[in-house]
Every structure is written in structure tokens, then in C-alpha cells.
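*Asks:* Pasting a structure here, questions to come.
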Amino acid sequence: QVQLVESGGGLVQAGGSLRLSCAASGLTFSIYAMGWFRQAPGKEREFVAAISRSAGNTYFADSVKGRFTISRDNARNTVYLQMNSLKPEDTAVYYCAAQRTYASGVYSATEDEYHYWGQGTQVTVSS
């Protein structure tokens with residue numbers, strides 16, 4: 001049974017930082033690209049960041065580029081999202097997702113291409 005469990009969310013002031021973690025189990029983590037998505041109240045879920053299975057490639061939404069970084073530890077089956085210079089508009093539930101890939105450099109910003117999803121963790125940024 002595949003499980004993705006996010007942690008690290010919380011309440012932070014604007015300009016602050018948070019580090020989200022997503023621990024995966026029940027799958028061969030090293031053959032999955034990983035992504036982070038978020039959903040703000042009243043809005044559709046949107047792409048935030050992705051990382052290829054070998055961590056050689058990363059990709060960010062324009063709204064977080066330069067502020068967020070994504071990394072992974074294949075030995076720990078964990079992907080991270082470091083969020084700096086947080087803004088109130090970053091407030092959302094953050095989800096991690098796993099995409100089965102067949103090449104090392106592949107990643108995706110498209111929800112439909114992800115096979116497994118976590119339950120999400122709330123991030124609230126106060127002004």
C-alpha cells in the first residue's frame with residue numbers, strides 16, 4: 001500500500017520560512033519523480049515544484065521561483081520543499097505527489113501524470 005505523508009506545515013509570518021517533508025512508503029521511491037502542489041481556499045490545485053527521480057532536474061512554478069527549493073533523499077524515501085520569503089498568497093494546503101517515470105530526467109507539472117498523492121499539510125502565512 002502506497003503512502004505519502006506530508007509534514008512540516010504550520011503558521012508563519014510573511015517573510016518567514018518553512019520546510020515541508022513528504023515521506024513515501026510502499027513504492028520504489030527512486031523510480032518516481034516527485035512533485036508538490038497546493039490548493040488555496042476557493043481555488044483549484046496548482047503546481048508548485050517537481051524533481052526528477054535522480055534529483056538531476058527540478059522545475060518550479062513562476063510564483064515560487066527563487067523562493068522555494070525542492071530536494072529529495074532517496075535513501076530516506078523523502079522529498080522536501082524548502083519555502084523561504086513566504087507571502088500571504090502562499091497560504092494553502094500543500095500536497096506531495098509521486099509520478100512513475102521511465103527515465104531519470106523526467107518530471108511533470110501536470111496533476112494527471114501523478115499516480116499517488118498525500119493527504120496534504122496546511123501552510124498559513126500571516127501578513
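Going through the C-alpha cells in order, the chains are called A, B, and so on, while each chain numbers its residues from 1 and the ligands are numbered from 1 in the order shown.
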List the spatial neighbours of Ser21 (chain A) as a PyMOL selection string - criterion: any atom at most 7 Å away, only C-alpha atoms, same-chain residues fewer than 3 positions off excluded.
*Replies:* chain A and resi 6-8+78-81
*Asks:* So that I can check the secondary structure, give me every residue of chain A assigned strand (DSSP E) by backbone DSSP, as an NGL selection string.
*Replies:* :A and (3-7 or 10-13 or 18-25 or 32-39 or 46-51 or 58-60 or 68-73 or 78-83 or 92-100 or 116-117 or 121-126)
*Asks:* Can you pull out the residues contacting Thr121 (chain A)? Cut-off 6 Å, using only C-alpha atoms, and skip same-chain residues under 4 positions away; I want them as a list in words.
*Replies:*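 Surrounding residues, per the criterion: Glu6, Gly9, Val93 and Tyr94 of chain A.
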*Asks:* With distances taken over only C-alpha atoms, which of A:Tyr59, A:Trp117, A:Ala50, A:Ser104 is nearest to Gly35 (chain A)?
*Replies:*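 Result for the nearest residue to Gly35 (chain A): A:Ala50.
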*Asks:* Could you pull out all residues of region 3-117 of chain A with a DSSP call of helix (DSSP H, G or I) and give them as a list in words?
*Replies:*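 The helix (DSSP H, G or I) residues within region 3-117 of chain A come out as Phe29, Ser30, Ile31, Pro88, Glu89, Asp90, Glu111, Asp112 and Glu113 of chain A.
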*Asks:* Pick out the residues sitting within 8 Å of Arg100 (chain A), and hand them over as a list in words; count only C-alpha atoms, and ignore anything fewer than 3 positions along from it in its own chain.
*Replies:*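 My reading of the contact set: Ile31, Tyr32, Ala33, Tyr114 and His115 of chain A.
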*Asks:* Hey, what's within 10 Å of Ala40 (chain A) if we count only C-alpha atoms and toss same-chain stuff fewer than 4 positions away? As a short mmCIF file (atom, residue, chain, number, x, y, z; two decimals) with C-alpha atoms, in the first residue's frame, please?
*Replies:*
data_model
loop_
_atom_site.label_atom_id
_atom_site.label_comp_id
_atom_site.auth_asym_id
_atom_site.auth_seq_id
_atom_site.Cartn_x
_atom_site.Cartn_y
_atom_site.Cartn_z
CA GLU A 44 -8.04 24.96 -7.93
CA ARG A 45 -5.00 22.93 -7.02
CA GLU A 46 -1.87 24.24 -8.71
CA GLU A 89 -0.58 34.27 -1.06
CA ASP A 90 1.41 31.11 -0.35
CA THR A 91 -1.28 30.10 2.13
CA ALA A 92 -2.70 26.77 1.01
CA VAL A 93 -2.83 23.07 1.65
CA TYR A 94 0.34 21.59 0.21
CA GLN A 122 -1.69 23.26 5.84
CA VAL A 123 0.59 26.25 5.40
CA THR A 124 -0.70 29.59 6.62
#
*Asks:* Distance CA of Gln82 (chain A)-CA of Tyr102 (chain A), one decimal place?
*Replies:*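 A separation of 26.5 Å between them.
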